[in-house]
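Source file run02.txt; content: compact mmCIF, C-alpha atoms and all ligand atoms.
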```
# COMPACT_ATOMS: atom_id res chain seq x y z
CA MET A 1 -25.39 -59.88 51.09
CA PHE A 2 -26.25 -56.38 52.36
CA ARG A 3 -23.01 -56.21 54.52
CA PHE A 4 -20.85 -57.27 51.54
CA LYS A 5 -22.33 -54.56 49.36
CA THR A 6 -21.78 -51.98 52.12
CA LEU A 7 -18.14 -53.05 52.40
CA VAL A 8 -17.61 -52.73 48.62
CA VAL A 9 -19.12 -49.23 48.59
CA LEU A 10 -16.97 -48.20 51.58
CA ILE A 11 -13.77 -49.40 49.86
CA ALA A 12 -14.72 -47.55 46.66
CA VAL A 13 -15.37 -44.30 48.55
CA VAL A 14 -12.05 -44.54 50.46
CA ALA A 15 -10.20 -45.28 47.21
CA MET A 16 -11.65 -42.08 45.73
CA ILE A 17 -10.84 -39.90 48.73
CA LEU A 18 -7.35 -41.26 49.44
CA PRO A 19 -5.45 -39.63 46.52
CA ALA A 20 -6.84 -36.20 47.44
CA CYS A 21 -5.27 -36.65 50.90
CA GLN A 22 -1.80 -37.42 49.51
CA PRO A 23 0.72 -34.56 49.66
CA ALA A 24 0.93 -33.05 46.15
CA ALA A 25 4.01 -34.30 44.25
CA PRO A 26 6.61 -31.50 44.09
CA LYS A 27 6.15 -29.56 40.85
CA ALA A 28 8.91 -30.46 38.39
CA GLY A 29 11.11 -27.65 37.15
CA LEU A 30 11.68 -24.14 38.48
CA LYS A 31 9.22 -21.83 40.22
CA CYS A 32 8.49 -20.10 36.85
CA ALA A 33 7.33 -23.44 35.34
CA PRO A 34 5.62 -24.02 32.97
CA ASN A 35 6.22 -20.49 31.64
CA CYS A 36 9.97 -20.09 32.19
CA GLU A 37 11.81 -18.09 29.53
CA TYR A 38 15.55 -17.76 28.84
CA LYS A 39 15.60 -14.46 30.77
CA ASP A 40 14.56 -16.42 33.88
CA LEU A 41 17.65 -18.66 33.70
CA VAL A 42 20.84 -17.90 35.66
CA VAL A 43 23.35 -20.50 34.49
CA GLY A 44 26.44 -21.46 36.49
CA PHE A 45 28.83 -22.99 33.93
CA LEU A 46 31.76 -25.12 35.19
CA GLN A 47 34.23 -25.19 32.26
CA THR A 48 37.24 -27.54 32.40
CA GLY A 49 39.83 -24.87 31.62
CA SER A 50 41.37 -23.43 28.45
CA GLU A 51 43.55 -26.27 27.14
CA GLY A 52 43.17 -25.78 23.41
CA GLY A 53 41.20 -24.80 20.35
CA TRP A 54 38.26 -27.09 21.03
CA ARG A 55 37.83 -25.68 24.53
CA ALA A 56 38.09 -22.08 23.31
CA ALA A 57 35.31 -22.75 20.78
CA ASN A 58 33.16 -24.47 23.43
CA THR A 59 33.56 -21.52 25.85
CA ALA A 60 32.81 -18.99 23.11
CA SER A 61 29.66 -20.92 22.21
CA PHE A 62 28.35 -20.59 25.79
CA LYS A 63 29.20 -16.89 26.17
CA GLU A 64 27.91 -15.82 22.73
CA THR A 65 24.70 -17.87 22.93
CA ALA A 66 23.94 -16.57 26.46
CA ASP A 67 24.09 -13.01 25.12
CA GLN A 68 21.92 -13.92 22.12
CA LEU A 69 19.25 -15.58 24.29
CA GLY A 70 19.32 -13.00 27.07
CA LEU A 71 20.13 -15.41 29.90
CA LYS A 72 22.62 -14.64 32.68
CA LEU A 73 25.81 -16.74 32.56
CA LYS A 74 28.17 -17.13 35.53
CA PHE A 75 31.40 -18.64 34.08
CA TYR A 76 33.79 -20.67 36.26
CA ASP A 77 37.22 -21.71 34.89
CA SER A 78 38.28 -24.90 36.71
CA GLN A 79 41.85 -24.49 35.38
CA ASN A 80 41.90 -28.26 34.61
CA ASP A 81 41.95 -28.92 38.38
CA LEU A 82 39.28 -31.36 39.63
CA ALA A 83 39.30 -30.00 43.21
CA LYS A 84 38.68 -26.50 41.84
CA GLN A 85 35.83 -27.78 39.64
CA VAL A 86 34.10 -29.49 42.60
CA ALA A 87 34.58 -26.31 44.69
CA GLY A 88 33.01 -24.31 41.88
CA PHE A 89 30.07 -26.70 41.75
CA ASN A 90 29.47 -26.19 45.49
CA GLN A 91 29.75 -22.43 44.98
CA PHE A 92 26.92 -22.53 42.43
CA ILE A 93 24.80 -24.72 44.73
CA GLN A 94 25.16 -22.06 47.45
CA ASP A 95 24.53 -19.16 45.06
CA PRO A 96 20.79 -18.27 45.46
CA GLU A 97 20.77 -16.58 42.04
CA VAL A 98 21.89 -19.69 40.11
CA ASN A 99 19.01 -21.97 39.06
CA VAL A 100 20.81 -24.00 36.36
CA ILE A 101 24.25 -25.65 36.65
CA VAL A 102 26.10 -26.83 33.51
CA LEU A 103 29.09 -29.16 33.98
CA ALA A 104 31.93 -30.05 31.56
CA ALA A 105 33.40 -32.73 33.82
CA LEU A 106 37.17 -33.12 34.06
CA GLU A 107 36.72 -36.68 35.35
CA THR A 108 33.88 -39.21 34.98
CA THR A 109 33.63 -40.03 38.69
CA GLY A 110 33.10 -38.20 41.99
CA TRP A 111 29.92 -36.23 41.20
CA GLU A 112 27.13 -38.06 43.11
CA ASP A 113 27.31 -35.92 46.29
CA VAL A 114 27.23 -32.50 44.63
CA LEU A 115 24.57 -33.67 42.18
CA LYS A 116 22.35 -34.79 45.09
CA GLN A 117 22.90 -31.45 46.85
CA ALA A 118 22.02 -29.57 43.66
CA LYS A 119 18.84 -31.63 43.25
CA ASP A 120 17.87 -31.02 46.89
CA ALA A 121 18.44 -27.30 46.27
CA GLY A 122 15.98 -27.48 43.34
CA LYS A 123 18.63 -26.64 40.71
CA ILE A 124 18.57 -27.99 37.14
CA VAL A 125 21.82 -29.76 36.15
CA VAL A 126 22.85 -30.32 32.52
CA ILE A 127 26.02 -32.26 31.66
CA GLU A 128 27.79 -30.96 28.53
CA ASP A 129 30.79 -32.14 26.48
CA ARG A 130 31.92 -35.05 28.66
CA ARG A 131 29.64 -37.73 30.13
CA ILE A 132 29.89 -38.74 33.80
CA ASP A 133 29.31 -41.95 35.79
CA ALA A 134 26.39 -40.91 38.02
CA SER A 135 22.72 -41.82 38.50
CA GLU A 136 20.76 -40.44 35.55
CA ASP A 137 18.01 -39.11 37.86
CA LEU A 138 20.53 -36.58 39.22
CA TYR A 139 20.77 -34.56 36.01
CA ALA A 140 18.36 -33.42 33.29
CA THR A 141 20.40 -34.68 30.30
CA TYR A 142 23.87 -35.05 28.77
CA ILE A 143 24.63 -33.07 25.61
CA GLY A 144 27.83 -34.30 23.98
CA SER A 145 29.59 -36.47 21.46
CA ASP A 146 29.74 -40.22 21.12
CA PHE A 147 33.47 -40.41 21.89
CA ALA A 148 33.54 -44.19 21.38
CA GLU A 149 32.16 -43.64 17.86
CA GLU A 150 34.91 -41.06 17.27
CA GLY A 151 37.40 -43.76 18.31
CA ARG A 152 35.83 -46.30 15.94
CA LYS A 153 35.89 -43.75 13.09
CA SER A 154 39.57 -43.05 13.89
CA ALA A 155 40.47 -46.76 13.62
CA ASP A 156 38.56 -47.10 10.33
CA GLU A 157 40.40 -44.07 8.91
CA MET A 158 43.79 -45.27 10.21
CA CYS A 159 43.20 -48.63 8.49
CA LYS A 160 42.71 -46.76 5.20
CA LEU A 161 45.86 -44.65 5.80
CA LEU A 162 48.03 -47.71 6.50
CA GLU A 163 46.64 -49.80 3.62
CA GLY A 164 49.52 -51.37 1.70
CA MET A 165 52.08 -50.59 4.41
CA GLU A 166 54.07 -53.55 5.72
CA GLY A 167 53.96 -52.45 9.34
CA LYS A 168 50.77 -51.50 11.17
CA ASN A 169 52.36 -50.07 14.33
CA VAL A 170 50.37 -47.15 15.78
CA TRP A 171 51.31 -44.85 18.66
CA GLU A 172 48.45 -43.38 20.72
CA LEU A 173 48.61 -39.97 22.42
CA VAL A 174 45.95 -40.02 25.14
CA GLY A 175 44.09 -37.04 26.69
CA ASN A 176 43.39 -36.57 30.40
CA VAL A 177 43.19 -40.26 31.45
CA GLY A 178 40.20 -39.76 33.80
CA SER A 179 38.05 -38.06 31.19
CA SER A 180 35.28 -39.77 29.24
CA ALA A 181 36.70 -38.38 26.00
CA ALA A 182 40.02 -40.17 26.54
CA LYS A 183 38.55 -43.41 27.90
CA ASP A 184 35.91 -43.79 25.19
CA ARG A 185 38.06 -42.75 22.21
CA GLY A 186 40.68 -45.30 23.25
CA GLN A 187 38.04 -47.98 23.69
CA GLY A 188 36.39 -47.24 20.34
CA PHE A 189 39.73 -47.30 18.51
CA ARG A 190 40.56 -50.70 19.99
CA GLU A 191 37.15 -52.10 18.98
CA LYS A 192 37.87 -51.55 15.26
CA MET A 193 41.70 -51.56 14.84
CA GLY A 194 41.87 -55.35 14.55
CA ALA A 195 39.98 -55.19 11.26
CA CYS A 196 43.22 -54.30 9.48
CA GLY A 197 45.85 -55.68 11.86
CA ILE A 198 46.72 -52.40 13.60
CA GLU A 199 48.72 -52.81 16.82
CA VAL A 200 48.97 -49.96 19.36
CA THR A 201 52.63 -50.40 20.27
CA LYS A 202 52.92 -47.24 22.44
CA SER A 203 50.24 -45.35 24.40
CA GLN A 204 50.70 -42.53 26.91
CA THR A 205 48.87 -39.44 28.12
CA ALA A 206 49.95 -36.07 26.74
CA ASN A 207 47.08 -34.30 28.53
CA TRP A 208 45.52 -32.73 25.40
CA SER A 209 48.54 -30.41 24.91
CA ILE A 210 50.90 -29.60 22.01
CA THR A 211 53.91 -29.41 24.33
CA GLU A 212 53.33 -32.79 25.93
CA GLY A 213 52.37 -34.35 22.59
CA LYS A 214 55.77 -33.29 21.25
CA GLN A 215 57.67 -34.40 24.37
CA VAL A 216 56.10 -37.88 24.43
CA THR A 217 56.66 -38.43 20.70
CA GLU A 218 60.29 -37.24 20.97
CA ALA A 219 60.94 -39.75 23.75
CA TRP A 220 59.37 -42.59 21.72
CA LEU A 221 61.41 -41.69 18.62
CA LYS A 222 64.60 -41.99 20.68
CA GLU A 223 63.59 -45.62 21.35
CA THR A 224 62.49 -46.59 17.82
CA GLN A 225 61.31 -45.19 14.49
CA ASP A 226 59.30 -48.33 13.65
CA VAL A 227 55.93 -46.55 13.57
CA GLN A 228 53.51 -46.21 10.67
CA GLY A 229 50.70 -44.20 12.26
CA ILE A 230 49.99 -41.85 15.17
CA PHE A 231 46.49 -41.66 16.70
CA ALA A 232 46.28 -38.41 18.66
CA GLN A 233 43.09 -38.15 20.72
CA ASN A 234 42.94 -34.41 20.02
CA ASP A 235 44.39 -32.02 17.42
CA GLU A 236 46.83 -30.29 19.80
CA MET A 237 48.63 -33.55 20.66
CA GLY A 238 48.73 -34.39 16.96
CA LEU A 239 50.38 -31.04 16.19
CA GLY A 240 52.96 -31.76 18.89
CA ALA A 241 53.73 -35.15 17.32
CA ILE A 242 54.15 -33.47 13.92
CA GLU A 243 56.78 -31.09 15.37
CA ALA A 244 58.65 -34.03 16.93
CA LEU A 245 58.65 -36.04 13.67
CA LYS A 246 60.01 -33.07 11.71
CA GLU A 247 62.82 -32.52 14.24
CA ALA A 248 63.70 -36.22 13.93
CA GLY A 249 64.06 -35.84 10.15
CA LEU A 250 60.84 -37.67 9.30
CA THR A 251 58.03 -36.34 7.04
CA PRO A 252 54.72 -36.31 8.94
CA GLY A 253 51.75 -37.30 6.80
CA VAL A 254 54.04 -39.31 4.52
CA ASP A 255 56.62 -41.39 6.47
CA VAL A 256 54.20 -41.56 9.41
CA LYS A 257 50.44 -41.08 8.95
CA ILE A 258 48.83 -38.76 11.50
CA LEU A 259 45.20 -38.79 12.63
CA SER A 260 43.74 -36.57 15.34
CA VAL A 261 40.31 -35.72 16.77
CA ASP A 262 38.37 -32.41 17.10
CA ALA A 263 38.60 -30.80 13.61
CA THR A 264 39.74 -27.41 14.94
CA ALA A 265 41.32 -24.65 12.84
CA GLY A 266 44.83 -25.90 13.68
CA ALA A 267 44.02 -29.30 12.20
CA PHE A 268 42.78 -27.81 8.92
CA LYS A 269 45.94 -25.70 8.66
CA ALA A 270 48.07 -28.82 9.21
CA MET A 271 46.07 -30.81 6.64
CA LEU A 272 46.49 -28.04 4.05
CA ALA A 273 50.24 -28.18 4.74
CA GLY A 274 50.22 -31.98 4.22
CA ASP A 275 51.41 -32.70 7.79
CA LEU A 276 48.12 -34.12 9.11
CA ASN A 277 46.20 -36.79 7.19
CA VAL A 278 42.80 -36.92 8.93
CA THR A 279 40.89 -35.13 11.67
CA VAL A 280 37.71 -36.66 13.15
CA GLU A 281 35.21 -33.95 14.11
CA CYS A 282 34.05 -33.40 17.70
CA ASN A 283 31.51 -30.56 17.82
CA PRO A 284 32.23 -27.91 20.53
CA LEU A 285 29.34 -25.60 19.58
CA LEU A 286 26.98 -27.18 22.13
CA ALA A 287 25.53 -24.15 23.97
CA PRO A 288 22.31 -23.76 21.93
CA GLN A 289 21.35 -27.40 22.61
CA VAL A 290 22.40 -27.11 26.29
CA TYR A 291 20.41 -23.95 26.96
CA GLU A 292 17.37 -25.33 25.13
CA ALA A 293 17.53 -28.48 27.28
CA ALA A 294 17.89 -26.37 30.45
CA LEU A 295 14.82 -24.31 29.55
CA LYS A 296 12.75 -27.43 28.85
CA ALA A 297 13.83 -28.94 32.19
CA ALA A 298 13.08 -25.62 33.93
CA ASN A 299 9.54 -25.91 32.56
CA GLY A 300 9.20 -29.42 33.96
CA GLU A 301 9.77 -31.41 30.77
CA THR A 302 11.42 -34.84 30.97
CA LEU A 303 14.34 -35.09 28.52
CA PRO A 304 16.21 -38.00 26.90
CA LYS A 305 19.28 -38.69 29.04
CA TRP A 306 21.68 -38.17 26.12
CA VAL A 307 21.51 -35.99 23.01
CA PRO A 308 24.50 -37.07 20.84
CA SER A 309 26.16 -34.50 18.53
CA GLN A 310 26.29 -35.12 14.75
CA GLU A 311 29.90 -35.08 13.45
CA GLY A 312 31.99 -35.74 10.32
CA VAL A 313 35.52 -36.73 9.20
CA PHE A 314 37.91 -34.46 7.24
CA ARG A 315 40.84 -35.67 5.12
CA SER A 316 43.89 -33.90 3.66
CA ASP A 317 43.26 -35.51 0.23
CA ASP A 318 39.84 -33.81 -0.08
CA PRO A 319 40.04 -31.70 -3.26
CA ASN A 320 37.66 -29.18 -1.65
CA LEU A 321 39.65 -28.89 1.58
CA GLN A 322 40.38 -25.15 1.21
CA THR A 323 36.69 -24.37 0.66
CA VAL A 324 35.70 -26.54 3.63
CA THR A 325 38.35 -24.81 5.77
CA ASP A 326 37.12 -21.34 4.78
CA GLY A 327 33.61 -22.29 5.88
CA ARG A 328 34.52 -23.54 9.36
CA LYS A 329 33.36 -21.64 12.49
CA TYR A 330 36.29 -22.75 14.71
O1 LIG B 1 38.71 -33.42 22.31
C1 LIG B 1 39.95 -31.84 23.65
C2 LIG B 1 39.58 -31.07 24.90
O2 LIG B 1 36.11 -32.94 25.95
C3 LIG B 1 35.74 -33.35 23.62
O3 LIG B 1 38.61 -31.91 25.55
C4 LIG B 1 36.52 -32.55 24.66
C5 LIG B 1 38.00 -32.76 24.56
C6 LIG B 1 38.63 -32.37 23.21
O4 LIG B 1 40.64 -30.81 25.72
O5 LIG B 1 40.59 -31.04 22.68
```

Please re-express this file's structure in structure tokens.
Amino acid sequence: MFRFKTLVVLIAVVAMILPACQPAAPKAGLKCAPNCEYKDLVVGFLQTGSEGGWRAANTASFKETADQLGLKLKFYDSQNDLAKQVAGFNQFIQDPEVNVIVLAALETTGWEDVLKQAKDAGKIVVIEDRRIDASEDLYATYIGSDFAEEGRKSADEMCKLLEGMEGKNVWELVGNVGSSAAKDRGQGFREKMGACGIEVTKSQTANWSITEGKQVTEAWLKETQDVQGIFAQNDEMGLGAIEALKEAGLTPGVDVKILSVDATAGAFKAMLAGDLNVTVECNPLLAPQVYEAALKAANGETLPKWVPSQEGVFRSDDPNLQTVTDGRKY
């Protein structure tokens, strides 16, 4: 009995001492944790490029908010080139001054290696705008829209626009095919379009641009004019389609209903002119949320892995459209 008791006491004592011998877990966050302030952050921001109104508003949000908060921003324009964006990411990993990296990913894949290197270098990574396919433990959080929900909203709105029309043929102008915005908007639209018998009879990338949106629509119109609606995955491609319809002698917004995504200033101008029927909002003013998340992560806080943006839908038949337009920030 005595030996058993001795053994029990010995085990208890070892169990108490053991944890104190373990190497301390690395402290989460930056060296300034838990008292980091915005002035302690040096943010390397990898922007996709400058492809349109949404992107201009997103870039302005990061530059203006950095000034307001007093943090240092190092801006990198990837010029819509994935190789350049990855090179820029590596540049920020090597830069001893940069302690936070923010990524607006051109493509969903190919980020695991640089994310692991950034983590090993003790740098906070926040994904903004577009989600990526990578292990969630490699970044603090993703701040961006629910693009699939934008696609579902687009299909619901297109069903309303085509109500009463004999045909339900819709043409889809797709963004950069590797991007989460393009993939998810297309998927969301297809989830809900069946509710009213919509058929996507043509679908092709126009790479988010007015020029390509016009070129693709022109080529389709040379093949057929049997189309009742156009779903443009961003406003610029929708504006290009409008130009093509006009040059083919059709009345956009009437003969063919047009819906686009973003809700930028160009879309409101086109709705006021009666050319565009609906724009589904995608909020580009993400910098305040991104910087707040970066500061929390710098101080060692664990964040939810996705903070979705709240967004609306705007229609050309809104009697208050001019007032709404006047109140827009972008
Ligand atoms: O819809 C488009 C831009 O990633 C949500 O990228 C953004 C998209 C936006 O080129 O206009």

Using all atoms listed in the file, which of A:Val261, A:Ala195, A:Val42, A:Val170 sits nearest ligand LIG 1 (chain B)?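 The answer is A:Val261, which sits nearest to ligand LIG 1 (chain B).
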
Which one of A:Ala270, A:Ile124, A:Ala83, A:Val254 sits closest to A:Gly300 if you count all atoms listed in the file?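 Smallest distance to A:Gly300 is found for A:Ile124.
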
Neighbours of stretch 279-285 of chain A within 10 Å (all atoms listed in the file; same-chain residues fewer than 3 positions away dropped), as a VMD selection string? chain A and resid 53 to 62 65 128 to 129 144 to 147 150 to 151 153 to 154 157 231 to 235 238 258 to 264 267 to 268 270 to 271 276 288 to 290 309 to 316 329 to 330

Point out the residue among A:Ile143, A:Leu250, A:Ala181, A:Ala121 with the least atom-to-atom distance to A:Ala287, counting all atoms listed in the file.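 Going through A:Ile143, A:Leu250, A:Ala181, A:Ala121 one by one, the smallest distance to A:Ala287 is for A:Ile143.
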
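Ranking A:Ser78, A:Thr205, A:Gln117, A:Ser180 by their shortest atom-to-atom distance to ligand LIG 1 (chain B), with all atoms listed in the file included, puts A:Ser180 first.
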
Distance criterion (only C-alpha atoms and all ligand atoms): nearest to ligand LIG 1 (chain B) out of A:Glu136, A:Glu236, A:Glu243, A:Glu149: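 Closest residue, counting only C-alpha atoms and all ligand atoms: A:Glu236.
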